[in-house]
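> One structure, pasted below without further comment.
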Amino acid sequence: DLINKCPHKFDLNSIADRAKPLLTESDGPFVVVATQEATRMNALLSSIKESLIELKKGMNGQLNMSLPMEHLAEALGIFQVPGRDPFHQASWEKSAWPSKKGLSSWFSDLMARNTELRKWTDTLATPFALWLPGLFNPTAYLTAIKQVTARSKGMPLDSMSVETHVTKMLKVEEVNALGKMPEDGAFVYGLFIEGARWLSGEEAEEIQYNVSGTDCEGRLAESKLKELMPLMPVMYVKARKVEPEWKPTAVGYIRSDADCYTCPVYATSARGGTFVTVATLKCEEGTAPKWVLAGVSLLMQRDD
């Protein structure tokens with residue numbers, strides 16, 4: 001079943017040919033990210049297909065069952081992503097993204113990622129809003145945002161950083177209807193918040209502001225009961241010059257603004273080694289230490 005459901009690999013030669021003339025244009029860094037993602041997806045799809053075909057031959061008696069094949073069969077038998085067990089020699093996770101999902105949810109996630117990436121590589125036009133958690137390496141896209149802005153403004157890349165603003169748009173369809181990229185940045189969606197919630201809609205009528213022509217609203221608030229990881233609205237990732245008063249750290253620049261919480265972004269709820277970047281979230285003045293103690297963070301995906 002998995003062999004038949006596994007998507008076809010990307011035609012990297014075709015993508016490279018179409019990408020070559022685009023690399024010198026303003027959106028060149030985004031094109032590079034798209035080609036890198038297609039390469040990583042091909043590596044994962046090859047690993048999955050080859051190991052499954054080999055296992056099928058082993059179970060049919062055409063090949064001797066090796067230890068990696070036994071480990072693969074064991075993982076599939078308990079609906080676990082191969083490689084989740086650190087002692088197993090068969091691993092899909094080495095070529096994949098950090099995840100805590102079970103095999104069924106993980107494979108559905110793979111299909112969704114493949115679909116979104118195929119839409120992007122078909123035209124190589126940067127999407128108006130990108131599903132950031134759907135990338136193997138989301139940090140590369142954030143770096144591309146800084147590169148594009150640095151080129152357009154003639155500034156050195158190492159003097160750039162990114163900040164995040166939460167827009168009034170709740171669905172990606174609203175961004176597509178808008179039909180344009182924001183100034184000095186990009187729209188991303190698909191992130192979840194843990195340890196708090198984001199005020200929007202009627203609750204945020206008095207907390208609205210405009211950033212470079214993009215309408216934004218809301219701030220951090222206490223979580224509601226039984227609402228563990230609500231989905232964030234579409235976010236505006238904006239590149240800007242580093243200010244002298246920002247404090248440089250190993251994870252990024254920490255701001256001293258009284259109404260800004262520097263929020264860590266992780267790939268999974270395991271946090272730790274799945275750190276991606278830091279986001280800047282609006283909060284009530286002077287409450288940033290409260291959200292630090294609450295362990296508020298943004299996550300790329302749920303565990304289910």
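Just remember, in the structure tokens the first chain shown is A, the second B, etc., residues are 1-based per chain, and ligands are 1-based in the order shown.
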When you look at segment 171-178 of chain A with a cut-off of 12 Å (counting only C-alpha atoms), what residues show up, excluding the ones that are within fewer than 6 positions of it in the same chain? I need them as a ChimeraX atom specification.

/A:126-131,186-190,213-215,231-236

> Print the selection's residues with N, CA and C atoms to a file, as a PDB file, in the first residue's frame.


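Wrote again_11.pdb, looks like this:
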```pdb
ATOM      1  N   THR A 126       7.152  32.450  -6.118  1.00  0.00           N
ATOM      2  CA  THR A 126       7.013  32.425  -4.663  1.00  0.00           C
ATOM      3  C   THR A 126       5.541  32.550  -4.270  1.00  0.00           C
ATOM      4  N   PRO A 127       5.021  31.618  -3.460  1.00  0.00           N
ATOM      5  CA  PRO A 127       3.602  31.705  -3.056  1.00  0.00           C
ATOM      6  C   PRO A 127       3.327  32.987  -2.272  1.00  0.00           C
ATOM      7  N   PHE A 128       2.109  33.523  -2.425  1.00  0.00           N
ATOM      8  CA  PHE A 128       1.738  34.710  -1.655  1.00  0.00           C
ATOM      9  C   PHE A 128       1.793  34.410  -0.149  1.00  0.00           C
ATOM     10  N   ALA A 129       1.449  33.179   0.218  1.00  0.00           N
ATOM     11  CA  ALA A 129       1.569  32.729   1.608  1.00  0.00           C
ATOM     12  C   ALA A 129       2.133  31.324   1.594  1.00  0.00           C
ATOM     13  N   LEU A 130       3.150  31.097   2.385  1.00  0.00           N
ATOM     14  CA  LEU A 130       3.832  29.797   2.380  1.00  0.00           C
ATOM     15  C   LEU A 130       3.511  29.022   3.651  1.00  0.00           C
ATOM     16  N   TRP A 131       3.271  27.709   3.484  1.00  0.00           N
ATOM     17  CA  TRP A 131       3.096  26.818   4.645  1.00  0.00           C
ATOM     18  C   TRP A 131       4.492  26.533   5.201  1.00  0.00           C
ATOM     19  N   ALA A 186       7.392  38.264   3.863  1.00  0.00           N
ATOM     20  CA  ALA A 186       6.517  37.252   3.273  1.00  0.00           C
ATOM     21  C   ALA A 186       5.468  36.830   4.292  1.00  0.00           C
ATOM     22  N   PHE A 187       4.346  36.306   3.790  1.00  0.00           N
ATOM     23  CA  PHE A 187       3.309  35.754   4.654  1.00  0.00           C
ATOM     24  C   PHE A 187       3.562  34.263   4.843  1.00  0.00           C
ATOM     25  N   VAL A 188       3.421  33.791   6.074  1.00  0.00           N
ATOM     26  CA  VAL A 188       3.536  32.352   6.362  1.00  0.00           C
ATOM     27  C   VAL A 188       2.346  31.931   7.217  1.00  0.00           C
ATOM     28  N   TYR A 189       2.023  30.654   7.158  1.00  0.00           N
ATOM     29  CA  TYR A 189       0.900  30.156   7.961  1.00  0.00           C
ATOM     30  C   TYR A 189       1.182  28.729   8.420  1.00  0.00           C
ATOM     31  N   GLY A 190       0.315  28.226   9.328  1.00  0.00           N
ATOM     32  CA  GLY A 190       0.434  26.843   9.776  1.00  0.00           C
ATOM     33  C   GLY A 190       1.101  26.658  11.118  1.00  0.00           C
ATOM     34  N   GLY A 213       1.798  48.650   5.404  1.00  0.00           N
ATOM     35  CA  GLY A 213       0.656  48.411   4.533  1.00  0.00           C
ATOM     36  C   GLY A 213      -0.106  47.136   4.811  1.00  0.00           C
ATOM     37  N   THR A 214       0.316  46.360   5.817  1.00  0.00           N
ATOM     38  CA  THR A 214      -0.369  45.111   6.171  1.00  0.00           C
ATOM     39  C   THR A 214      -1.134  45.289   7.477  1.00  0.00           C
ATOM     40  N   ASP A 215      -2.436  44.999   7.461  1.00  0.00           N
ATOM     41  CA  ASP A 215      -3.260  45.141   8.659  1.00  0.00           C
ATOM     42  C   ASP A 215      -2.988  43.991   9.626  1.00  0.00           C
ATOM     43  N   LEU A 231      -4.359  27.206  16.501  1.00  0.00           N
ATOM     44  CA  LEU A 231      -3.671  27.610  15.276  1.00  0.00           C
ATOM     45  C   LEU A 231      -3.554  29.129  15.220  1.00  0.00           C
ATOM     46  N   MET A 232      -2.392  29.619  14.841  1.00  0.00           N
ATOM     47  CA  MET A 232      -2.175  31.059  14.715  1.00  0.00           C
ATOM     48  C   MET A 232      -2.738  31.565  13.392  1.00  0.00           C
ATOM     49  N   PRO A 233      -3.146  32.838  13.338  1.00  0.00           N
ATOM     50  CA  PRO A 233      -3.533  33.432  12.042  1.00  0.00           C
ATOM     51  C   PRO A 233      -2.317  33.514  11.119  1.00  0.00           C
ATOM     52  N   VAL A 234      -2.535  33.980   9.901  1.00  0.00           N
ATOM     53  CA  VAL A 234      -1.427  34.178   8.959  1.00  0.00           C
ATOM     54  C   VAL A 234      -0.458  35.195   9.567  1.00  0.00           C
ATOM     55  N   MET A 235       0.840  34.911   9.455  1.00  0.00           N
ATOM     56  CA  MET A 235       1.858  35.781  10.050  1.00  0.00           C
ATOM     57  C   MET A 235       2.678  36.479   8.967  1.00  0.00           C
ATOM     58  N   TYR A 236       3.057  37.692   9.268  1.00  0.00           N
ATOM     59  CA  TYR A 236       3.867  38.514   8.358  1.00  0.00           C
ATOM     60  C   TYR A 236       5.297  38.511   8.893  1.00  0.00           C
TER      61      TYR A 236
END
```

> Please report, as an MDAnalysis selection string, each residue of segment 133-300 of chain A to which DSSP assigns helix (DSSP H, G or I) when run on this structure's backbone.

chainID A and resid 133:134 138:153 157:159 172:178 201:204 272:274 288:293

> For segment 100-106 of chain A, find every residue with an atom within 12 Å (counting only C-alpha atoms), except residues of its own chain fewer than 5 positions away, and show them as number ranges by chain.

A: 1-2, 75-85, 92-93, 111-113, 134, 267-271, 274, 300-304

> So that I have them on file, write out the residues from the current selection with C-alpha atoms, as a compact mmCIF listing (two decimals), in the first residue's frame.


```txt
# COMPACT_ATOMS: atom_id res chain seq x y z
CA ASP A 1 0.00 0.00 0.00
CA LEU A 2 2.70 2.49 1.01
CA ALA A 75 8.50 -0.38 12.96
CA LEU A 76 5.74 -0.75 10.36
CA GLY A 77 4.12 -3.46 12.48
CA ILE A 78 3.63 -1.06 15.39
CA PHE A 79 2.75 1.92 13.12
CA GLN A 80 5.97 3.73 14.00
CA VAL A 81 8.00 5.87 11.62
CA PRO A 82 11.15 3.85 10.78
CA GLY A 83 14.09 5.43 12.57
CA ARG A 84 12.09 6.69 15.56
CA ASP A 85 13.79 3.95 17.59
CA TRP A 92 13.29 7.26 7.14
CA GLU A 93 13.58 9.98 9.76
CA MET A 111 1.68 13.72 1.11
CA ALA A 112 0.57 17.25 2.06
CA ARG A 113 4.15 18.54 1.99
CA GLY A 134 5.85 22.14 5.38
CA ALA A 267 9.51 22.14 15.03
CA THR A 268 7.80 19.83 17.57
CA SER A 269 6.53 19.83 21.15
CA ALA A 270 9.77 18.09 22.19
CA ARG A 271 11.32 21.58 21.87
CA THR A 274 14.04 21.20 17.27
CA MET A 300 5.42 23.91 13.60
CA GLN A 301 3.12 20.93 14.12
CA ARG A 302 0.95 19.02 16.57
CA ASP A 303 1.86 15.51 17.70
CA ASP A 304 -1.37 13.91 16.44
```

> Interatomic distance between atom CA of Thr115 of chain A and atom CA of Gly28 of chain A?

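Taking atom CA of Thr115 of chain A and atom CA of Gly28 of chain A, their separation equals 22.0 Å.
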
> Using only C-alpha atoms, which residue out of A:Leu55, A:Leu135, A:Leu191, A:Ile254 lies closest to Val242 of chain A?

A:Ile254

> Using only C-alpha atoms, which of the listed residues (A:Pro68, A:Pro98, A:Pro29, A:Gly185) sits closest to Gly273 of chain A?

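The answer is A:Pro98, which sits nearest to Gly273 of chain A.
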
> As a PyMOL selection string, list the residues of segment 13-161 of chain A assigned to strand (DSSP E) by DSSP on the backbone atoms of this structure.

chain A and resi 129-131+160-161

> Just to confirm, what's the straight-line distance from atom CA of Val265 of chain A to atom CA of Ala279 of chain A in Å (one decimal)?

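These atoms are spaced 6.7 Å apart.
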
> Neighbours of Thr287 of chain A within 9 Å (only C-alpha atoms; same-chain residues fewer than 5 positions away dropped), as a ChimeraX atom specification?

/A:258-261

> Using the selection just defined, write its residues with all heavy atoms as a short mmCIF file (atom, residue, chain, number, x, y, z; two decimals), in the first residue's frame.


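Now in again.cif:
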```cif
data_model
loop_
_atom_site.label_atom_id
_atom_site.label_comp_id
_atom_site.auth_asym_id
_atom_site.auth_seq_id
_atom_site.Cartn_x
_atom_site.Cartn_y
_atom_site.Cartn_z
N ALA A 258 8.88 46.89 25.80
CA ALA A 258 8.02 46.47 26.90
C ALA A 258 6.80 45.69 26.43
O ALA A 258 6.21 44.91 27.19
CB ALA A 258 7.58 47.68 27.71
N ASP A 259 6.38 45.91 25.17
CA ASP A 259 5.19 45.24 24.66
C ASP A 259 5.52 44.15 23.64
O ASP A 259 4.72 43.83 22.77
CB ASP A 259 4.23 46.25 24.03
CG ASP A 259 4.85 46.95 22.83
OD1 ASP A 259 6.07 46.86 22.64
OD2 ASP A 259 4.09 47.58 22.06
N CYS A 260 6.72 43.57 23.73
CA CYS A 260 7.14 42.55 22.78
C CYS A 260 7.71 41.34 23.52
O CYS A 260 8.62 41.48 24.34
CB CYS A 260 8.18 43.12 21.82
SG CYS A 260 8.89 41.91 20.68
N TYR A 261 7.16 40.17 23.22
CA TYR A 261 7.68 38.92 23.78
C TYR A 261 8.48 38.19 22.70
O TYR A 261 7.96 37.90 21.62
CB TYR A 261 6.53 38.03 24.27
CG TYR A 261 6.96 36.62 24.61
CD1 TYR A 261 7.97 36.36 25.52
CD2 TYR A 261 6.33 35.52 24.00
CE1 TYR A 261 8.36 35.06 25.83
CE2 TYR A 261 6.71 34.22 24.30
CZ TYR A 261 7.72 33.99 25.21
OH TYR A 261 8.11 32.70 25.50
#
```

> Grab the atom CA of Leu293 of chain A to atom CA of Gly195 of chain A distance for me, in Å with one decimal place.

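Separation between atom CA of Leu293 of chain A and atom CA of Gly195 of chain A: 9.9 Å.
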
> Between A:Thr164, A:Pro248, A:Leu220, A:Ala239, which one has atoms that come closest to Thr280 of chain A, using only C-alpha atoms?

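Nearest candidate to Thr280 of chain A out of A:Thr164, A:Pro248, A:Leu220, A:Ala239: A:Thr164.
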
> Of the candidates A:Glu183, A:Glu245, A:Glu70, A:Glu205, which shows the shortest atom-to-atom distance to Asp257 of chain A, using only C-alpha atoms?

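Residue with the minimum atom-to-atom distance to Asp257 of chain A: A:Glu245.
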
> Find the residues of segment 87-171 of chain A that sit at most 8 Å from segment 3-19 of chain A; for each, write down the nearest two atoms and how far apart they are in Å, to one decimal. Count only C-alpha atoms. Sort by chain, then by number going up, and give it as a Markdown table.


```
| residue | atom | partner | partner_atom | distance |
| --- | --- | --- | --- | --- |
| A:Met111 | CA | A:Pro7 | CA | 7.3 |
| A:Asn114 | CA | A:Pro7 | CA | 7.6 |
| A:Arg118 | CA | A:Phe10 | CA | 7.9 |
| A:Thr121 | CA | A:Ile15 | CA | 6.9 |
| A:Leu124 | CA | A:Ala19 | CA | 7.2 |
```

> With C-alpha atoms kept, could you save the residues just selected as a CSV table (one decimal), in the first residue's frame?


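Contents of part.csv, as written:
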```csv
chain,number,residue,atom,x,y,z
A,111,MET,CA,1.7,13.7,1.1
A,114,ASN,CA,4.7,16.9,-1.4
A,118,ARG,CA,4.9,20.4,-6.2
A,121,THR,CA,8.1,23.9,-8.2
A,124,LEU,CA,8.9,28.5,-9.2
```

> Of the candidates A:Lys94, A:Lys247, A:His88, A:Arg255, which shows the shortest atom-to-atom distance to Glu163 of chain A, using only C-alpha atoms?

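The shortest atom-to-atom distance to Glu163 of chain A comes from A:Arg255.
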